[in-house]
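Visitor: Sharing a structure with you now.
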Amino acid sequence: MPASLLIVDDDLDFTASAADFARTRGFQPYVAHSLEQSRQFGHLPPLDLLLLDLELPDGNGMDLLDDPAVPEHDHAVIVTGQPSVESAIQAVSRPVYDYLLKPLCAQQFDALLMQAAAHARTRGTTSRYGMVGECEAMRRVMADIEHVAPSDASVLVGGESGTGKELVARAIHERSGRRGPFVAVNAGAIAPDLLASHLFGHERGSFTGANNRHAGYFEQAHGGTLFLDEITEMPPALQVYLLRVLESGSLTRVGGSESLPIDVRVVAATNRDPHAALNVGALREDLYYRLADFTLMLPPLRERGDDALLLARHFLAGFNARHAAQKRFAEGTERTLLRHGWPGNVRELRSAVQRAFLCSDDGVVRVRPLSRRAQASQADPDAVVFNVGMSYAQIERDMLNRTLAHFDNDRTRTAQALGVSVRTIHNQLARLRGRDSGS
């Protein structure tokens with residue numbers, strides 16, 4: 001569907017030339033020469049741009065901003081040949097995107113149309129969950145959210161760092177109908193000896209510095225959803241207690257004796273392969289099956305086709321709106337966006353667009369990805385990428401985990417592929433489990 005534009009102006013020459021120019025830019029223009037004619041377009045779907053003259057035969061164009069008979073619109077722009085301080089002040093206090101003077105030069109109008117078109121593209125691809133994407137994998141994710149959200153099932157969300165796991169968790173909560181709050185906690189960002197207190201709360205005097213009773217994240221999320229990110233970073237002993245809480249529906253604060261009933265829906269996430277995490281003991285098998293009533297796997301951005309372009313346009317439109325700007329991507333930027341593999345995924349892309357936007361002094365945004373990691377290897381699911389500075393232990397772990405995942409955890413085939421005995425594989429896994437548990 002083409003972007004749409006309603007031009008409200010009693011200058012017949014201006015409306016005719018503006019409509020023709022908009023058509024050359026792929027817009028569907030509509031024209032009205034009075035307030036009354038404008039109201040005849042109330043049946044239209046939301047407009048991408050509303051161009052208003054101030055002085056009309058039957059009133060002031062500004063009156064249309066609050067008129068329910070006029071179609072909804074993303075951007076309203078005043079274009080007048082009779083500017084005044086009073087009307088400018090009024091425009092600033094109203095939802096007006098810009099205030100321009102006639103004659104409107106072609107470059108100004110072109111910039112307005114490009115901005116509206118970019119917003120139209122992203123609006124058409126943004127789901128009710130706030131996620132932008134048209135690839136098949138993301139469509140499946142959105143459909144899965146719709147299916148699982150109304151249930152009580154625990155959800156395990158997998159995917160590389162920066163793919164939007166917390167966004168998925170929030171979407172599940174918003175669609176769940178649960179009236180309690182959404183509480184997010186990163187299990188890998190809290191010191192292991194403090195994590196139990198943060199999650200389950202503590203009683204006064206339970207440890208040095210516990211001067212008051214504290215309600216943990218589970219209690220704070222009562223009636224709502226608790227998002228546990230980086231679940232594989234949780235110490236094994238705490239995973240045991242978490243499992244007990246999930247199965248019993250109750251908890252005991254650190255240093256306490258009273259059992260407190262809780263009503264919390266848990267959505268957990270990990271940026272590691274869950275099965276590989278099981279193999280090395282980073283995730284208990286019984287907890288995994290309790291958390292993974294339903295699993296959602298987010299694709300990396302490099303596997304999402306043209307979604308990188310949609311997301312970049314979405315971010316640029318947002319930065320333009322926030323800063324009241326009309327910046328556009330430089331020629332060739334879209335090729336750069338598609339060529340880069342985005343190892344940091346959507347988070348990296350947003351940061352790159354924001355940096356380029358802020359550094360642009362001429363209204364042209366030139367995105368230059370900061371990451372220079374080899375992308376061909378990363379895009380290959382059967383390849384292992386080793387970065388300078390990685391320890392031998394990490395290289396050994398990654399190689400073993402990736403090979404096990406490739407052979408569906410068949411240790412015999414893994415041993416054959418790596419040129420070692422099955423006993424060596426068992427010994428390596430045992431050693432890695434011991435290392436993760438701190439022994």
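We name chains A, B, ... following the order of the structure tokens; residues begin at 1 in each chain, and ligands are numbered from 1 as shown.
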Give the strand (DSSP E) residues of segment 202-263 of chain A, as DSSP finds them on the backbone, and put them as a list in words.
Guide: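 Of segment 202-263 of chain A, only Thr225, Leu226, Phe227, Leu228, Asp229, Ser250, Leu251, Leu260 and Pro261 of chain A fall in strand (DSSP E).
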Visitor: Which of segment 39-245 of chain A end up as alpha helix (DSSP H) when DSSP is run on this backbone - answer as a short mmCIF file (atom, residue, chain, number, x, y, z; two decimals) with C-alpha atoms, in the first residue's frame?
Guide:
data_model
loop_
_atom_site.label_atom_id
_atom_site.label_comp_id
_atom_site.auth_asym_id
_atom_site.auth_seq_id
_atom_site.Cartn_x
_atom_site.Cartn_y
_atom_site.Cartn_z
CA VAL A 85 4.10 34.91 15.60
CA GLU A 86 0.70 33.96 17.00
CA SER A 87 0.16 31.06 14.59
CA ALA A 88 3.75 29.86 15.07
CA ILE A 89 3.29 29.79 18.85
CA GLN A 90 -0.01 27.96 18.43
CA ALA A 91 1.64 25.38 16.17
CA VAL A 92 4.39 24.72 18.71
CA ALA A 106 11.15 21.04 -3.85
CA GLN A 107 13.93 19.94 -1.49
CA GLN A 108 11.84 20.71 1.60
CA PHE A 109 8.83 18.87 0.24
CA ASP A 110 10.93 15.93 -0.90
CA ALA A 111 12.45 15.60 2.59
CA LEU A 112 8.98 15.64 4.15
CA LEU A 113 7.75 12.94 1.78
CA MET A 114 10.79 10.74 2.35
CA GLN A 115 10.34 10.97 6.10
CA ALA A 116 6.64 10.13 5.87
CA ALA A 117 7.34 7.24 3.49
CA ALA A 118 9.97 5.80 5.85
CA HIS A 119 7.52 5.99 8.72
CA ALA A 120 4.83 4.36 6.58
CA ARG A 121 7.10 1.41 5.78
CA THR A 122 7.93 0.78 9.42
CA ARG A 123 4.35 1.32 10.58
CA GLY A 124 3.24 -1.37 8.16
CA THR A 125 5.76 -3.86 9.51
CA GLU A 136 9.13 -15.77 7.94
CA ALA A 137 11.04 -16.51 11.15
CA MET A 138 9.76 -13.34 12.84
CA ARG A 139 6.23 -14.01 11.66
CA ARG A 140 6.44 -17.39 13.37
CA VAL A 141 7.72 -15.74 16.56
CA MET A 142 4.79 -13.32 16.56
CA ALA A 143 2.33 -16.16 15.96
CA ASP A 144 3.89 -18.18 18.80
CA ILE A 145 3.55 -15.19 21.15
CA GLU A 146 -0.14 -15.01 20.29
CA HIS A 147 -0.58 -18.71 21.04
CA VAL A 148 1.33 -18.95 24.31
CA LYS A 165 14.46 -11.47 24.08
CA GLU A 166 13.19 -8.98 26.68
CA LEU A 167 10.91 -7.44 24.05
CA VAL A 168 9.39 -10.88 23.49
CA ALA A 169 8.95 -11.37 27.24
CA ARG A 170 7.17 -8.01 27.54
CA ALA A 171 4.92 -8.91 24.60
CA ILE A 172 3.97 -12.19 26.28
CA HIS A 173 3.13 -10.32 29.48
CA GLU A 174 1.07 -7.67 27.70
CA ARG A 175 -0.95 -10.31 25.86
CA SER A 176 -1.32 -12.58 28.89
CA PRO A 192 25.98 -14.86 42.87
CA ASP A 193 26.00 -14.42 46.67
CA LEU A 194 23.37 -11.66 46.40
CA LEU A 195 21.15 -13.23 43.75
CA ALA A 196 19.08 -15.30 46.21
CA SER A 197 18.25 -12.18 48.22
CA HIS A 198 17.33 -10.23 45.09
CA LEU A 199 15.11 -13.00 43.74
CA PHE A 200 13.44 -14.33 46.85
CA TYR A 217 11.69 -9.91 42.53
CA PHE A 218 9.27 -12.82 42.82
CA GLU A 219 7.15 -10.96 45.35
CA GLN A 220 7.39 -7.76 43.33
CA PRO A 236 23.50 -24.51 40.27
CA ALA A 237 22.50 -24.41 43.96
CA LEU A 238 20.17 -21.49 43.27
CA GLN A 239 18.70 -23.30 40.28
CA VAL A 240 17.60 -26.03 42.70
CA TYR A 241 15.77 -23.52 44.86
CA LEU A 242 14.24 -21.82 41.81
CA LEU A 243 12.88 -25.16 40.66
CA ARG A 244 11.35 -25.74 44.07
CA VAL A 245 9.68 -22.32 43.99
#
Visitor: Go through segment 159-235 of chain A and flag each residue having an atom no more than 10 Å from segment 280-295 of chain A; for those, report the closest pair of atoms plus their distance in Å to one decimal, using only C-alpha atoms, ordered by chain and rising number, as a tab-separated table.
Guide:
residue	atom	partner	partner_atom	distance
A:Ile231	CA	A:Leu283	CA	7.8
A:Thr232	CA	A:Leu283	CA	5.3
A:Glu233	CA	A:Ala282	CA	7.0
A:Met234	CA	A:Ala282	CA	8.0
A:Pro235	CA	A:Ala282	CA	8.1
Visitor: Just want the 12 Å neighbourhood of Ala76 of chain A, counted on only C-alpha atoms, with same-chain residues fewer than 4 positions away dropped. Output as an MDAnalysis selection string.
Guide: chainID A and resid 5:8 46:53 61:66 70:72 91:92 94:100 112:113 116
Visitor: I need the chosen residues saved as a PDB file, in the first residue's frame, with C-alpha atoms.
Guide:
ATOM      1  CA  LEU A   5      -1.041  12.424   1.840  1.00  0.00           C
ATOM      2  CA  LEU A   6      -3.950  14.847   2.352  1.00  0.00           C
ATOM      3  CA  ILE A   7      -3.320  18.401   1.108  1.00  0.00           C
ATOM      4  CA  VAL A   8      -5.719  21.000   2.517  1.00  0.00           C
ATOM      5  CA  PRO A  46      -4.629   6.629   8.775  1.00  0.00           C
ATOM      6  CA  LEU A  47      -2.711   9.143   6.681  1.00  0.00           C
ATOM      7  CA  ASP A  48       1.067   9.332   6.586  1.00  0.00           C
ATOM      8  CA  LEU A  49       1.150  13.103   6.068  1.00  0.00           C
ATOM      9  CA  LEU A  50      -1.353  15.942   6.497  1.00  0.00           C
ATOM     10  CA  LEU A  51      -0.393  19.222   4.790  1.00  0.00           C
ATOM     11  CA  LEU A  52      -2.440  22.171   6.122  1.00  0.00           C
ATOM     12  CA  ASP A  53      -2.858  25.758   5.037  1.00  0.00           C
ATOM     13  CA  GLY A  61      -6.578  24.763   9.052  1.00  0.00           C
ATOM     14  CA  MET A  62      -5.336  24.273  12.609  1.00  0.00           C
ATOM     15  CA  ASP A  63      -8.925  23.382  13.576  1.00  0.00           C
ATOM     16  CA  LEU A  64      -8.572  20.103  11.678  1.00  0.00           C
ATOM     17  CA  LEU A  65      -5.959  18.791  14.116  1.00  0.00           C
ATOM     18  CA  ASP A  66      -8.646  17.903  16.667  1.00  0.00           C
ATOM     19  CA  VAL A  70     -10.576  13.993   9.604  1.00  0.00           C
ATOM     20  CA  PRO A  71      -8.564  10.763   9.160  1.00  0.00           C
ATOM     21  CA  GLU A  72      -5.915   9.945  11.720  1.00  0.00           C
ATOM     22  CA  ALA A  91       1.637  25.382  16.174  1.00  0.00           C
ATOM     23  CA  VAL A  92       4.389  24.719  18.710  1.00  0.00           C
ATOM     24  CA  ARG A  94      -0.123  21.552  19.091  1.00  0.00           C
ATOM     25  CA  PRO A  95       0.836  18.159  17.584  1.00  0.00           C
ATOM     26  CA  VAL A  96       2.413  19.795  14.537  1.00  0.00           C
ATOM     27  CA  TYR A  97       5.500  18.196  13.023  1.00  0.00           C
ATOM     28  CA  ASP A  98       6.713  21.306  11.194  1.00  0.00           C
ATOM     29  CA  TYR A  99       5.756  24.888  10.308  1.00  0.00           C
ATOM     30  CA  LEU A 100       6.868  25.864   6.797  1.00  0.00           C
ATOM     31  CA  LEU A 112       8.977  15.640   4.149  1.00  0.00           C
ATOM     32  CA  LEU A 113       7.746  12.941   1.783  1.00  0.00           C
ATOM     33  CA  ALA A 116       6.638  10.131   5.871  1.00  0.00           C
TER      34      ALA A 116
END
Visitor: Atom CA of Gly133 of chain A and atom CA of Pro299 of chain A, how far apart in Å?
Guide: 11.1 Å
Visitor: Report as a list in words all protein, DNA and RNA residues lying within 10 Å of Ala276 of chain A, evaluated on only C-alpha atoms, omitting residues in the same chain fewer than 2 positions from it.
Guide: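 My reading of the contact set: Arg272, Asp273, Pro274, Leu278, Asn279, Val280, Gly281, Ala282, Leu283, Arg397, Asp398, Leu400, Asn401, Arg402, Thr403, Leu404, Ala405, Asp408 and Asn409 of chain A.
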Visitor: For each of A:Asp10, A:Asp410, A:Asp307, A:Glu331, take the minimum atom-to-atom distance to Glu134 of chain A, counting only C-alpha atoms, then give the residue where this is smallest.
Guide: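 Of A:Asp10, A:Asp410, A:Asp307, A:Glu331, the one nearest Glu134 of chain A is A:Asp307, counting only C-alpha atoms.
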Visitor: Please, what distance in Å, to one decimal, runs between atom CA of Ala184 of chain A and atom CA of Gly223 of chain A?
Guide: 14.2 Å
Visitor: Show me, as a PyMOL selection string, the residues that have an atom within 12 Å of Asp20 of chain A when counting only C-alpha atoms, minus same-chain residues fewer than 5 positions from it.
Guide: chain A and resi 5+7+13-15+25-31+106+109
Visitor: Could you work out how far atom CA of Thr225 of chain A lies from atom CA of Gly177 of chain A, giving the answer in Å with one decimal?
Guide: 10.5 Å
